[in-house]
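Undergrad: Structure supplied as input.cif; contents: mmCIF, C-alpha atoms.
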data_upload
#
loop_
_atom_site.label_atom_id
_atom_site.label_comp_id
_atom_site.auth_asym_id
_atom_site.auth_seq_id
_atom_site.Cartn_x
_atom_site.Cartn_y
_atom_site.Cartn_z
CA MET O 804 -150.79 5.37 -75.84
CA ALA O 805 -150.16 8.82 -77.27
CA ASP O 806 -152.99 11.33 -77.20
CA ARG O 807 -152.69 11.93 -80.93
CA GLU O 808 -150.55 11.19 -83.99
CA THR O 809 -148.95 13.14 -86.80
CA ASP O 810 -146.84 11.96 -89.71
CA ILE O 811 -144.33 14.80 -89.45
CA LEU O 812 -143.64 16.96 -86.40
CA LEU O 813 -141.85 20.27 -86.93
CA ILE O 814 -140.42 21.59 -83.66
CA GLY O 815 -139.76 25.33 -83.61
CA GLY O 816 -141.75 28.24 -84.96
CA GLY O 817 -139.14 29.87 -87.17
CA ILE O 818 -138.31 30.00 -90.84
CA ALA O 819 -136.67 26.55 -90.99
CA SER O 820 -139.89 24.83 -89.92
CA ALA O 821 -142.03 27.10 -92.10
CA THR O 822 -139.88 26.34 -95.15
CA ALA O 823 -139.93 22.62 -94.36
CA ALA O 824 -143.74 22.66 -94.22
CA ALA O 825 -143.97 24.43 -97.58
CA THR O 826 -141.40 22.12 -99.19
CA LEU O 827 -143.21 19.01 -97.98
CA ARG O 828 -146.40 20.15 -99.67
CA GLU O 829 -144.56 21.30 -102.81
CA GLU O 830 -142.98 17.85 -103.07
CA GLY O 831 -146.42 16.24 -103.00
CA PHE O 832 -146.53 15.00 -99.41
CA ASP O 833 -150.18 14.70 -98.37
CA GLY O 834 -149.78 13.31 -94.85
CA SER O 835 -150.36 15.17 -91.60
CA ILE O 836 -147.96 17.91 -90.47
CA LEU O 837 -147.90 19.56 -87.05
CA LEU O 838 -145.72 22.63 -86.41
CA ALA O 839 -145.31 23.53 -82.74
CA GLY O 840 -143.29 26.50 -81.52
CA ARG O 841 -143.09 28.72 -78.47
CA GLU O 842 -143.19 31.89 -80.57
CA LEU O 843 -146.19 34.14 -80.04
CA ASP O 844 -146.74 34.73 -83.77
CA PRO O 845 -146.77 32.54 -86.87
CA PRO O 846 -143.31 32.08 -88.43
CA TYR O 847 -141.87 35.35 -89.65
CA HIS O 848 -138.68 36.76 -91.13
CA ARG O 849 -136.36 38.13 -88.44
CA PRO O 850 -134.29 40.72 -90.40
CA PRO O 851 -137.13 43.31 -90.34
CA ALA O 852 -136.79 43.39 -86.55
CA SER O 853 -133.60 45.44 -86.93
CA LYS O 854 -134.55 47.21 -90.13
CA GLY O 855 -137.93 47.90 -91.77
CA TYR O 856 -140.15 46.78 -88.90
CA LEU O 857 -138.08 48.64 -86.30
CA ARG O 858 -138.21 51.74 -88.48
CA GLY O 859 -141.99 51.41 -88.76
CA HIS O 860 -141.97 50.89 -92.53
CA GLU O 861 -143.09 47.25 -92.42
CA SER O 862 -145.99 45.64 -90.58
CA LYS O 863 -146.01 42.33 -88.76
CA GLU O 864 -148.05 40.88 -91.62
CA ASP O 865 -145.35 41.99 -94.09
CA ALA O 866 -142.79 39.95 -92.12
CA LEU O 867 -144.76 36.67 -92.10
CA VAL O 868 -143.20 33.77 -94.00
CA HIS O 869 -146.65 32.66 -95.19
CA PRO O 870 -149.93 34.59 -95.23
CA ALA O 871 -152.15 33.93 -92.23
CA ASP O 872 -154.50 31.67 -94.20
CA TRP O 873 -151.69 29.59 -95.78
CA TRP O 874 -151.53 27.08 -92.95
CA GLU O 875 -155.13 25.97 -93.05
CA GLY O 876 -155.19 26.14 -96.83
CA HIS O 877 -152.25 23.72 -97.02
CA GLY O 878 -153.42 21.39 -94.30
CA VAL O 879 -150.63 22.24 -91.85
CA GLU O 880 -151.59 22.44 -88.18
CA LEU O 881 -149.87 25.46 -86.65
CA ARG O 882 -149.55 25.59 -82.87
CA THR O 883 -148.01 28.87 -81.72
CA ARG O 884 -147.21 29.55 -78.05
CA THR O 885 -146.73 25.82 -77.66
CA SER O 886 -143.32 24.56 -76.60
CA VAL O 887 -142.29 20.94 -77.03
CA MET O 888 -141.24 19.98 -73.52
CA ALA O 889 -139.90 16.48 -74.16
CA LEU O 890 -138.86 14.38 -77.14
CA ASP O 891 -138.44 10.62 -77.02
CA ALA O 892 -136.65 9.84 -80.27
CA ALA O 893 -136.68 6.08 -79.71
CA ALA O 894 -140.41 5.91 -79.01
CA ARG O 895 -141.06 8.69 -81.53
CA THR O 896 -143.22 10.70 -79.19
CA ALA O 897 -143.17 14.32 -78.07
CA THR O 898 -144.84 16.00 -75.13
CA LEU O 899 -146.27 19.45 -75.75
CA GLN O 900 -146.65 22.27 -73.26
CA SER O 901 -150.35 21.38 -73.15
CA ARG O 902 -149.25 17.95 -71.80
CA GLU O 903 -150.51 16.25 -74.94
CA GLU O 904 -148.32 13.39 -76.07
CA VAL O 905 -147.91 13.30 -79.83
CA ALA O 906 -146.71 10.24 -81.73
CA PHE O 907 -144.81 11.03 -84.93
CA ASP O 908 -143.13 9.20 -87.77
CA ARG O 909 -140.47 11.84 -88.58
CA ALA O 910 -139.43 15.00 -86.78
CA LEU O 911 -137.47 18.16 -87.49
CA VAL O 912 -135.84 19.96 -84.57
CA ALA O 913 -135.42 23.66 -85.45
CA THR O 914 -135.52 25.50 -82.15
CA GLY O 915 -133.28 28.35 -83.29
CA ALA O 916 -131.04 30.41 -81.06
CA MET O 917 -131.16 32.67 -78.03
CA VAL O 918 -129.41 36.00 -77.70
CA ARG O 919 -126.16 36.05 -75.78
CA ARG O 920 -126.46 38.40 -72.82
CA LEU O 921 -123.71 40.50 -71.33
CA GLN O 922 -122.68 39.43 -67.84
CA VAL O 923 -121.44 42.75 -66.46
CA ASP O 924 -122.42 45.08 -63.64
CA GLY O 925 -125.53 47.07 -64.50
CA ALA O 926 -126.77 44.61 -67.11
CA GLN O 927 -130.18 44.54 -65.40
CA LEU O 928 -130.80 48.31 -65.62
CA ASP O 929 -133.84 49.55 -67.51
CA GLY O 930 -133.25 50.72 -71.07
CA ILE O 931 -130.89 47.90 -72.06
CA HIS O 932 -132.28 45.93 -75.00
CA TYR O 933 -131.56 42.73 -76.93
CA LEU O 934 -133.07 42.25 -80.35
CA ARG O 935 -134.18 38.84 -81.55
CA ALA O 936 -137.94 38.94 -82.13
CA LEU O 937 -140.48 41.42 -83.46
CA GLY O 938 -141.72 41.91 -79.91
CA ASN O 939 -138.24 43.10 -78.95
CA ALA O 940 -138.42 45.63 -81.78
CA ASP O 941 -141.79 46.89 -80.52
CA THR O 942 -140.34 47.42 -77.05
CA LEU O 943 -137.20 49.11 -78.36
CA ARG O 944 -139.11 51.47 -80.66
CA ARG O 945 -141.38 52.60 -77.83
CA ASP O 946 -138.48 52.95 -75.41
CA VAL O 947 -136.33 55.17 -77.65
CA GLU O 948 -139.16 57.38 -78.87
CA ASP O 949 -137.94 60.26 -76.70
CA ALA O 950 -134.30 59.16 -76.52
CA GLN O 951 -131.54 61.29 -77.99
CA ARG O 952 -128.45 59.10 -77.53
CA VAL O 953 -128.24 55.34 -78.04
CA VAL O 954 -125.23 53.06 -77.68
CA CYS O 955 -125.16 49.90 -79.80
CA VAL O 956 -122.86 47.27 -78.31
CA GLY O 957 -121.40 45.02 -81.00
CA GLY O 958 -120.20 45.73 -84.52
CA SER O 959 -121.68 42.77 -86.38
CA TYR O 960 -124.95 42.60 -88.33
CA ILE O 961 -127.34 43.52 -85.49
CA GLY O 962 -125.25 46.37 -84.11
CA SER O 963 -124.60 47.91 -87.51
CA GLU O 964 -128.16 47.49 -88.79
CA VAL O 965 -129.76 48.87 -85.63
CA ALA O 966 -127.35 51.80 -85.59
CA ALA O 967 -128.33 52.68 -89.16
CA THR O 968 -132.05 52.31 -88.45
CA LEU O 969 -132.00 54.41 -85.27
CA THR O 970 -129.95 57.09 -87.03
CA GLU O 971 -132.67 57.25 -89.67
CA LEU O 972 -135.13 57.76 -86.80
CA GLY O 973 -133.18 60.80 -85.67
CA LYS O 974 -131.09 59.32 -82.84
CA ARG O 975 -127.43 59.98 -82.13
CA VAL O 976 -125.85 56.55 -82.16
CA THR O 977 -122.51 55.22 -80.98
CA ILE O 978 -121.29 51.71 -81.85
CA LEU O 979 -118.99 50.16 -79.25
CA MET O 980 -117.20 47.02 -80.39
CA GLN O 981 -114.19 44.83 -79.74
CA GLU O 982 -112.86 44.88 -83.31
CA PRO O 983 -111.49 48.06 -84.96
CA HIS O 984 -114.14 48.25 -87.71
CA PRO O 985 -117.80 47.19 -88.11
CA LEU O 986 -118.33 43.82 -89.81
CA GLU O 987 -114.57 43.26 -89.86
CA ARG O 988 -114.85 39.74 -88.46
CA GLN O 989 -117.01 38.68 -91.38
CA PHE O 990 -115.36 40.59 -94.23
CA GLY O 991 -111.85 41.59 -93.21
CA THR O 992 -110.12 44.89 -92.51
CA ARG O 993 -110.47 46.55 -95.93
CA ALA O 994 -114.21 46.04 -96.21
CA GLY O 995 -114.66 46.79 -92.52
CA ALA O 996 -112.90 50.14 -92.93
CA ARG O 997 -115.24 50.99 -95.81
CA PHE O 998 -118.33 50.12 -93.76
CA ARG O 999 -116.97 52.23 -90.92
CA ALA O 1000 -116.60 55.17 -93.30
CA ILE O 1001 -120.18 54.73 -94.53
CA LEU O 1002 -121.57 54.71 -90.99
CA GLU O 1003 -119.45 57.69 -89.93
CA GLU O 1004 -120.54 59.65 -93.02
CA HIS O 1005 -124.08 59.39 -91.69
CA GLY O 1006 -123.22 60.61 -88.23
CA ILE O 1007 -122.64 57.37 -86.33
CA GLU O 1008 -119.77 57.44 -83.85
CA ILE O 1009 -117.56 54.33 -83.93
CA VAL O 1010 -115.66 53.26 -80.82
CA GLY O 1011 -113.55 50.27 -81.83
CA SER O 1012 -111.04 48.02 -80.07
CA ASP O 1013 -112.89 48.42 -76.78
CA GLU O 1014 -115.69 46.73 -74.85
CA VAL O 1015 -118.19 47.19 -72.04
CA ASP O 1016 -116.88 47.22 -68.51
CA ARG O 1017 -120.19 48.11 -66.84
CA PHE O 1018 -123.41 50.06 -67.21
CA GLU O 1019 -124.37 52.83 -64.81
CA ALA O 1020 -127.57 54.66 -63.93
CA ALA O 1021 -127.78 58.46 -63.68
CA THR O 1022 -126.16 58.44 -60.24
CA PRO O 1023 -122.43 57.67 -60.68
CA GLY O 1024 -121.52 54.25 -59.37
CA VAL O 1025 -125.11 52.95 -59.26
CA CYS O 1026 -125.42 49.75 -61.29
CA ASP O 1027 -128.23 47.90 -59.53
CA GLN O 1028 -131.33 50.04 -60.02
CA GLY O 1029 -132.87 52.67 -62.27
CA ARG O 1030 -132.34 53.36 -65.94
CA VAL O 1031 -129.10 53.14 -67.84
CA ALA O 1032 -127.43 56.53 -68.37
CA ARG O 1033 -123.90 55.65 -69.41
CA VAL O 1034 -121.67 52.87 -70.65
CA LEU O 1035 -118.22 52.60 -69.09
CA THR O 1036 -115.66 50.80 -71.22
CA LYS O 1037 -112.59 48.79 -70.33
CA GLY O 1038 -110.56 51.35 -72.23
CA GLY O 1039 -111.68 54.09 -69.84
CA ARG O 1040 -114.31 55.77 -72.01
CA VAL O 1041 -117.61 57.05 -70.66
CA LEU O 1042 -120.44 56.93 -73.23
CA GLU O 1043 -123.50 58.88 -72.12
CA CYS O 1044 -126.78 57.41 -73.37
CA ASP O 1045 -130.55 57.19 -72.97
CA ALA O 1046 -130.73 53.56 -74.11
CA VAL O 1047 -128.50 50.63 -75.10
CA VAL O 1048 -128.96 47.91 -77.71
CA CYS O 1049 -126.75 44.83 -77.34
CA GLY O 1050 -125.93 42.69 -80.37
CA VAL O 1051 -123.23 40.42 -79.02
CA GLY O 1052 -124.13 37.16 -80.71
CA ALA O 1053 -126.43 34.23 -80.13
CA GLN O 1054 -126.20 30.67 -78.89
CA PRO O 1055 -128.12 27.65 -80.20
CA ASP O 1056 -131.22 26.75 -78.22
CA VAL O 1057 -130.44 23.10 -77.56
CA MET O 1058 -132.27 22.76 -74.24
CA LEU O 1059 -134.83 20.35 -75.70
CA ALA O 1060 -132.17 18.47 -77.65
CA ARG O 1061 -130.01 18.06 -74.56
CA ARG O 1062 -132.95 16.89 -72.41
CA SER O 1063 -133.91 14.45 -75.14
CA GLY O 1064 -130.46 12.87 -75.38
CA LEU O 1065 -129.67 14.02 -78.91
CA GLU O 1066 -125.93 14.11 -79.49
CA LEU O 1067 -124.46 17.61 -79.48
CA GLY O 1068 -121.30 18.58 -81.34
CA GLU O 1069 -118.25 20.66 -80.55
CA LEU O 1070 -119.87 23.75 -82.08
CA GLY O 1071 -122.79 23.51 -79.67
CA GLY O 1072 -125.45 22.28 -82.09
CA VAL O 1073 -127.33 19.05 -82.74
CA ARG O 1074 -124.80 16.77 -84.45
CA CYS O 1075 -126.05 15.78 -87.90
CA ASP O 1076 -124.69 14.11 -91.00
CA SER O 1077 -124.54 15.77 -94.42
CA ARG O 1078 -128.24 14.94 -94.95
CA LEU O 1079 -129.12 16.95 -91.80
CA ARG O 1080 -130.14 13.75 -89.99
CA SER O 1081 -129.32 13.48 -86.31
CA VAL O 1082 -126.43 11.06 -85.87
CA SER O 1083 -127.98 9.76 -82.65
CA ALA O 1084 -131.68 9.38 -83.51
CA GLU O 1085 -133.36 7.71 -86.44
CA ARG O 1086 -135.91 9.76 -88.38
CA VAL O 1087 -135.00 12.95 -86.54
CA PHE O 1088 -133.53 15.87 -88.51
CA ALA O 1089 -132.28 19.32 -87.56
CA ALA O 1090 -132.11 22.65 -89.39
CA GLY O 1091 -131.21 26.26 -88.75
CA ASP O 1092 -129.16 27.72 -85.94
CA ILE O 1093 -128.97 24.46 -83.98
CA CYS O 1094 -127.88 22.25 -86.88
CA GLU O 1095 -124.23 21.17 -86.75
CA PHE O 1096 -123.68 19.20 -89.94
CA ASP O 1097 -121.03 17.70 -92.21
CA SER O 1098 -120.74 20.28 -94.97
CA VAL O 1099 -119.81 18.75 -98.32
CA LEU O 1100 -119.04 22.25 -99.60
CA HIS O 1101 -116.66 23.26 -96.84
CA GLY O 1102 -115.16 19.85 -96.11
CA ARG O 1103 -115.71 20.21 -92.39
CA VAL O 1104 -118.37 20.36 -89.70
CA MET O 1105 -120.34 23.60 -89.84
CA ARG O 1106 -123.01 25.43 -87.86
CA ILE O 1107 -124.21 28.63 -89.51
CA GLU O 1108 -126.53 31.14 -87.91
CA HIS O 1109 -128.44 33.01 -90.60
CA GLU O 1110 -132.02 33.12 -91.81
CA ASP O 1111 -131.31 32.22 -95.42
CA VAL O 1112 -129.26 29.23 -94.28
CA ALA O 1113 -132.13 28.10 -92.05
CA MET O 1114 -134.49 28.40 -95.00
CA ALA O 1115 -132.29 26.32 -97.27
CA GLN O 1116 -131.72 23.68 -94.59
CA GLY O 1117 -135.44 23.45 -93.88
CA ALA O 1118 -136.00 22.59 -97.54
CA THR O 1119 -133.19 20.01 -97.59
CA ALA O 1120 -134.44 18.35 -94.40
CA ALA O 1121 -137.98 18.18 -95.77
CA ARG O 1122 -136.86 16.47 -98.97
CA ASN O 1123 -134.75 14.00 -97.06
CA MET O 1124 -137.67 13.23 -94.78
CA LEU O 1125 -139.41 12.14 -97.97
CA GLY O 1126 -136.51 9.89 -98.98
CA ALA O 1127 -134.34 12.10 -101.20
CA ASP O 1128 -131.20 11.12 -99.26
CA ALA O 1129 -129.30 14.11 -100.68
CA PRO O 1130 -126.51 16.06 -98.94
CA HIS O 1131 -127.10 19.69 -98.10
CA ASP O 1132 -124.93 21.39 -100.71
CA VAL O 1133 -126.49 24.84 -101.01
CA VAL O 1134 -123.90 27.63 -100.97
CA PRO O 1135 -124.93 29.84 -98.02
CA TYR O 1136 -126.24 33.30 -98.87
CA PHE O 1137 -126.32 36.25 -96.49
CA PHE O 1138 -128.02 39.62 -96.87
CA SER O 1139 -127.85 42.79 -94.84
CA ASP O 1140 -128.15 46.51 -95.38
CA LEU O 1141 -127.15 49.70 -93.67
CA SER O 1142 -130.40 51.59 -94.22
CA ASP O 1143 -130.30 52.53 -97.92
CA TRP O 1144 -126.64 53.51 -97.60
CA ALA O 1145 -125.24 50.10 -98.62
CA GLY O 1146 -126.81 46.84 -99.73
CA ILE O 1147 -124.70 43.91 -98.56
CA GLU O 1148 -124.81 40.43 -100.10
CA TYR O 1149 -122.42 37.61 -99.34
CA VAL O 1150 -121.96 33.99 -100.34
CA GLY O 1151 -119.59 31.62 -98.59
CA PRO O 1152 -118.79 31.87 -95.81
CA ALA O 1153 -115.02 32.08 -96.11
CA LEU O 1154 -113.75 30.57 -92.86
CA SER O 1155 -110.23 31.69 -93.70
CA TRP O 1156 -108.50 33.21 -96.68
CA ASP O 1157 -105.02 34.24 -97.76
CA GLU O 1158 -105.94 36.66 -100.56
CA GLU O 1159 -108.56 39.34 -101.17
CA VAL O 1160 -109.37 40.40 -104.73
CA VAL O 1161 -111.26 43.70 -104.91
CA ARG O 1162 -113.46 44.59 -107.86
CA GLY O 1163 -114.88 48.11 -108.15
CA ASP O 1164 -114.01 51.09 -105.99
CA ILE O 1165 -113.84 50.00 -102.35
CA ASP O 1166 -113.34 53.61 -101.28
CA ALA O 1167 -116.55 54.92 -102.87
CA GLY O 1168 -119.54 53.32 -104.55
CA ALA O 1169 -120.23 49.68 -105.41
CA PHE O 1170 -117.51 47.10 -104.82
CA ALA O 1171 -116.93 43.39 -104.39
CA VAL O 1172 -114.36 41.43 -102.46
CA TRP O 1173 -113.48 37.88 -103.50
CA TYR O 1174 -111.90 35.81 -100.71
CA LEU O 1175 -109.45 33.17 -101.92
CA ASP O 1176 -107.65 30.42 -100.05
CA ALA O 1177 -104.87 28.68 -101.98
CA GLY O 1178 -106.37 30.14 -105.15
CA ARG O 1179 -109.86 28.76 -104.48
CA VAL O 1180 -112.87 31.04 -104.07
CA ARG O 1181 -114.23 30.61 -100.55
CA GLY O 1182 -116.53 33.62 -100.25
CA VAL O 1183 -117.66 36.74 -102.08
CA LEU O 1184 -118.90 40.04 -100.66
CA SER O 1185 -121.01 42.15 -103.00
CA VAL O 1186 -121.97 45.72 -102.06
CA ASP O 1187 -124.71 47.38 -104.10
CA GLY O 1188 -124.74 44.60 -106.68
CA ALA O 1189 -121.09 44.71 -107.67
CA ALA O 1190 -120.51 40.94 -108.00
CA ASP O 1191 -122.05 38.19 -110.11
CA LEU O 1192 -123.22 36.02 -107.21
CA ASP O 1193 -124.45 33.20 -109.43
CA ARG O 1194 -120.94 32.82 -110.85
CA ALA O 1195 -119.53 33.16 -107.34
CA ARG O 1196 -121.68 30.24 -106.15
CA GLU O 1197 -120.47 28.12 -109.06
CA LEU O 1198 -116.82 28.77 -108.24
CA ILE O 1199 -117.31 28.14 -104.52
CA ALA O 1200 -119.15 24.88 -105.19
CA ALA O 1201 -116.54 23.72 -107.70
CA GLY O 1202 -113.71 24.18 -105.23
CA GLU O 1203 -111.14 24.32 -108.00
CA PRO O 1204 -108.18 26.75 -108.00
CA VAL O 1205 -108.83 29.81 -110.13
CA GLY O 1206 -106.40 32.38 -108.74
CA ALA O 1207 -106.89 36.12 -108.86
CA GLY O 1208 -106.90 36.04 -112.65
CA GLY O 1209 -109.97 33.83 -112.70
CA VAL O 1210 -112.09 36.16 -110.57
CA PRO O 1211 -114.81 37.88 -112.64
CA GLY O 1212 -114.75 41.66 -112.98
CA ASP O 1213 -112.65 44.43 -114.39
#
The structure in this file should be written as structure tokens.

TA:
Amino acid sequence: MADRETDILLIGGGIASATAAATLREEGFDGSILLAGRELDPPYHRPPASKGYLRGHESKEDALVHPADWWEGHGVELRTRTSVMALDAAARTATLQSREEVAFDRALVATGAMVRRLQVDGAQLDGIHYLRALGNADTLRRDVEDAQRVVCVGGSYIGSEVAATLTELGKRVTILMQEPHPLERQFGTRAGARFRAILEEHGIEIVGSDEVDRFEAATPGVCDQGRVARVLTKGGRVLECDAVVCGVGAQPDVMLARRSGLELGELGGVRCDSRLRSVSAERVFAAGDICEFDSVLHGRVMRIEHEDVAMAQGATAARNMLGADAPHDVVPYFFSDLSDWAGIEYVGPALSWDEEVVRGDIDAGAFAVWYLDAGRVRGVLSVDGAADLDRARELIAAGEPVGAGGVPGD
């Protein structure tokens, strides 16, 4: 016999579970809901960790998905600092860190992702940071208070955002990355070159087409003790620094899923159908970074790591738990910013494209890039509000050829 019961168990303390809980109540569900996650704090938005919260302009309360009193007011039991250690999908039971066994009727697995760590000499030196949670931002902000030079490893969202934030805090920042330009992998060479120019205009040094060989302490050749003092690259560069921030990607946290026998897919996530239901367990759903699903929009299996995607999937999973039986067909939306230098919005994502249509002045000011594949709109980048994203979503969802002449703009 289980120690207790709940109608719906939400596993993971991030935005997917928080959105699912809210959607369940909004849809009129009045049964019991238990949300259990290992996170120290109630569910919060992660982007502030590299931007407003890191800069000190936002508080932890500002970042919360729901106000502190929302959970009790909506009859949702919130268990922070409580990992789910085991899940028996057939018996519909879960074992919590407290050793309580919980019987459930439906479950959502939304355990998120873990940062990918560099496996190079010197990776254990003090002063090397990874940014995933607000607690990481607290540690980084304290650690760089007296720092002058910081190296950001990685030219994607985290590396670029942190570089902008630390520059605003008065640090001299270098971005070291494998690709030639920041954000090039997401948006292509032309947009990447523009983002590089924006960062360089504000004093950030860009070292592209290179990567970390090892980290060293103050004493040359010492990689096993002390504090990081330089980054040595495979291209032969020596980047002096007082601290390092690594943003080299993330990997889905499927440890519980694997232990529980849930089927995993080729992209590393929990394999789900288009309704976000696990293909290997009845009444078990997945959402967020670990969800590998049949995308009706993209016509292929997808796994997308982004907060707004996790939010949308949490809502879809919640409705399908209540019997909606609807495919997840929300066009993914992404948001980033480089301080107040550039506001970045994107819908898609375009997995591949054979044509870029630029609207606005990509060399200065607001601009948009429409990514087409065989004449069909697959993704749209909008910088400082240059694109009509509602129309972009419509064209992406329609999947019909429009060609460059059918792209909105001048």

Undergrad: Figure out the distance between atom CA of O:Gly957 and atom CA of O:Glu1003, please, to one decimal in Å.

TA: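 Separation of atom CA of O:Glu1003 and atom CA of O:Gly957: 15.6 Å.
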
Undergrad: I'd like to know which of O:Tyr933, O:Tyr1136, O:Tyr1149, O:Phe1088 is closest to O:Asn1123, using only C-alpha atoms.

TA: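 Residue with the minimum atom-to-atom distance to O:Asn1123: O:Phe1088.
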
Undergrad: Kindly indicate which residue among O:Ile1001, O:Ile818, O:Val887, O:Leu813 lies nearest to O:Ile1165, using all atoms listed in the file for the distances.

TA: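 Of O:Ile1001, O:Ile818, O:Val887, O:Leu813, the one nearest O:Ile1165 is O:Ile1001, counting all atoms listed in the file.
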
Undergrad: Starting from the displayed file, determine the output of the PyMOL selection byres ((chain O and resi 869) around 12) and express the residue list as a list of chain:residue names.

TA: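 Taken on the displayed file, the PyMOL selection byres ((chain O and resi 869) around 12) yields the residues O:Gly817, O:Ile818, O:Ser820, O:Ala821, O:Thr822, O:Ala824, O:Ala825, O:Asp844, O:Pro845, O:Pro846, O:Tyr847, O:His848, O:Lys863, O:Glu864, O:Asp865, O:Ala866, O:Leu867, O:Val868, O:Pro870, O:Ala871, O:Asp872, O:Trp873, O:Trp874, O:Glu875, O:Gly876, O:His877, O:Val879, O:Leu881.
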
Undergrad: When you draw a straight line from atom CA of O:Arg1103 to atom CA of O:Gly1072, how long is it in Å?

TA: 14.3 Å

Undergrad: Taking the file as shown, what set of residues would the PyMOL selection byres ((chain O and resi 1175-1178) around 7) give back, as a list in words?

TA: Ser1155, Trp1156, Asp1157, Glu1158, Glu1159, Trp1173, Tyr1174, Arg1179, Val1180, Arg1181, Pro1204, Val1205 and Gly1206 of chain O

Undergrad: Translate the PyMOL selection byres ((chain O and resi 1087) around 12), as applied to the file shown, into an explicit residue set as a PyMOL selection string.

TA: chain O and resi 811-814+890-897+907-913+1060+1063+1065-1066+1073-1076+1078-1086+1088-1090+1094+1120-1121+1123-1124

Undergrad: Hey, which of O:Val947, O:Val1048, O:Val1134, O:Cys1026 ends up closest to O:Leu979? Count all atoms listed in the file.

TA: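 Closest candidate: O:Val1048.
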
Undergrad: Report, in Å to a single decimal, how far apart atom CA of O:Ile931 and atom CA of O:Arg919 are.

TA: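 Atom-to-atom, atom CA of O:Arg919 and atom CA of O:Ile931 are spaced 13.3 Å apart.
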
Undergrad: Could you pull the residues within 9 Å of O:Asp806, counting all atoms listed in the file, minus those fewer than 3 positions along the same chain, as JSON, numbers by chain?

TA: {"O": [903, 904, 905, 906]}

Undergrad: Extract, using all atoms listed in the file, all DNA, RNA and protein residues at most 7 Å from O:Pro1152, discarding same-chain residues fewer than 2 positions from it, and format them as a PDB file with C-alpha atoms, in the frame of the given file.

TA:
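File part00.pdb, as written:
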ATOM      1  CA  PRO O1135    -124.930  29.840 -98.020  1.00  0.00           C
ATOM      2  CA  VAL O1150    -121.960  33.990-100.340  1.00  0.00           C
ATOM      3  CA  LEU O1154    -113.750  30.570 -92.860  1.00  0.00           C
ATOM      4  CA  ARG O1181    -114.230  30.610-100.550  1.00  0.00           C
ATOM      5  CA  GLY O1182    -116.530  33.620-100.250  1.00  0.00           C
TER       6      GLY O1182
END

Undergrad: Residues at most 6 Å from O:Ala916, counting all atoms listed in the file, excluding those fewer than 4 positions away in the same chain, as an MDAnalysis selection string?

TA: chainID O and resid 1054:1056 1092

Undergrad: Between O:Lys974, O:Arg807, O:Lys854, O:Arg920, which residue has the minimum interatomic distance to O:Glu1008, considering all atoms listed in the file?

TA: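 Once distances to O:Glu1008 are computed over all atoms listed in the file, the minimum belongs to O:Lys974.
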
Undergrad: Which protein, DNA or RNA residues have an atom at most 10 Å from (-125.3, 48.1, -62.8), counting only C-alpha atoms? List them as a PyMOL selection string.

TA: chain O and resi 923-929+1017-1020+1024-1031+1034

Undergrad: Excluding O:Arg1194 and its own-chain neighbours fewer than 4 positions away, which residues fall within 10 Å of it when counting only C-alpha atoms? Please give them as a PDB file with C-alpha atoms, in the coordinates of the input.

TA:
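Below is the file that was written, part.pdb:
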ATOM      1  CA  ALA O1190    -120.510  40.940-108.000  1.00  0.00           C
ATOM      2  CA  LEU O1198    -116.820  28.770-108.240  1.00  0.00           C
ATOM      3  CA  ILE O1199    -117.310  28.140-104.520  1.00  0.00           C
ATOM      4  CA  ALA O1200    -119.150  24.880-105.190  1.00  0.00           C
ATOM      5  CA  VAL O1210    -112.090  36.160-110.570  1.00  0.00           C
ATOM      6  CA  PRO O1211    -114.810  37.880-112.640  1.00  0.00           C
TER       7      PRO O1211
END

Undergrad: Restore N, CA, C and O atoms in stretch 1001-1006 of chain O and list the result as a PDB file, in the frame of the given file.

TA:
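Written out: rebuild14.pdb:
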ATOM      1  N   ILE O1001    -118.780  54.499 -94.161  1.00  0.00           N
ATOM      2  CA  ILE O1001    -120.180  54.730 -94.530  1.00  0.00           C
ATOM      3  C   ILE O1001    -120.995  55.121 -93.306  1.00  0.00           C
ATOM      4  O   ILE O1001    -121.787  56.082 -93.342  1.00  0.00           O
ATOM      5  N   LEU O1002    -120.823  54.408 -92.213  1.00  0.00           N
ATOM      6  CA  LEU O1002    -121.570  54.710 -90.990  1.00  0.00           C
ATOM      7  C   LEU O1002    -121.182  56.083 -90.446  1.00  0.00           C
ATOM      8  O   LEU O1002    -122.054  56.859 -90.022  1.00  0.00           O
ATOM      9  N   GLU O1003    -119.893  56.392 -90.456  1.00  0.00           N
ATOM     10  CA  GLU O1003    -119.450  57.690 -89.930  1.00  0.00           C
ATOM     11  C   GLU O1003    -119.941  58.843 -90.809  1.00  0.00           C
ATOM     12  O   GLU O1003    -120.264  59.924 -90.294  1.00  0.00           O
ATOM     13  N   GLU O1004    -120.021  58.613 -92.120  1.00  0.00           N
ATOM     14  CA  GLU O1004    -120.540  59.650 -93.020  1.00  0.00           C
ATOM     15  C   GLU O1004    -121.969  60.042 -92.675  1.00  0.00           C
ATOM     16  O   GLU O1004    -122.397  61.163 -92.960  1.00  0.00           O
ATOM     17  N   HIS O1005    -122.691  59.117 -92.055  1.00  0.00           N
ATOM     18  CA  HIS O1005    -124.080  59.390 -91.690  1.00  0.00           C
ATOM     19  C   HIS O1005    -124.245  59.718 -90.213  1.00  0.00           C
ATOM     20  O   HIS O1005    -125.356  59.654 -89.667  1.00  0.00           O
ATOM     21  N   GLY O1006    -123.147  60.067 -89.567  1.00  0.00           N
ATOM     22  CA  GLY O1006    -123.220  60.610 -88.230  1.00  0.00           C
ATOM     23  C   GLY O1006    -123.080  59.622 -87.092  1.00  0.00           C
ATOM     24  O   GLY O1006    -123.231  60.002 -85.924  1.00  0.00           O
TER      25      GLY O1006
END
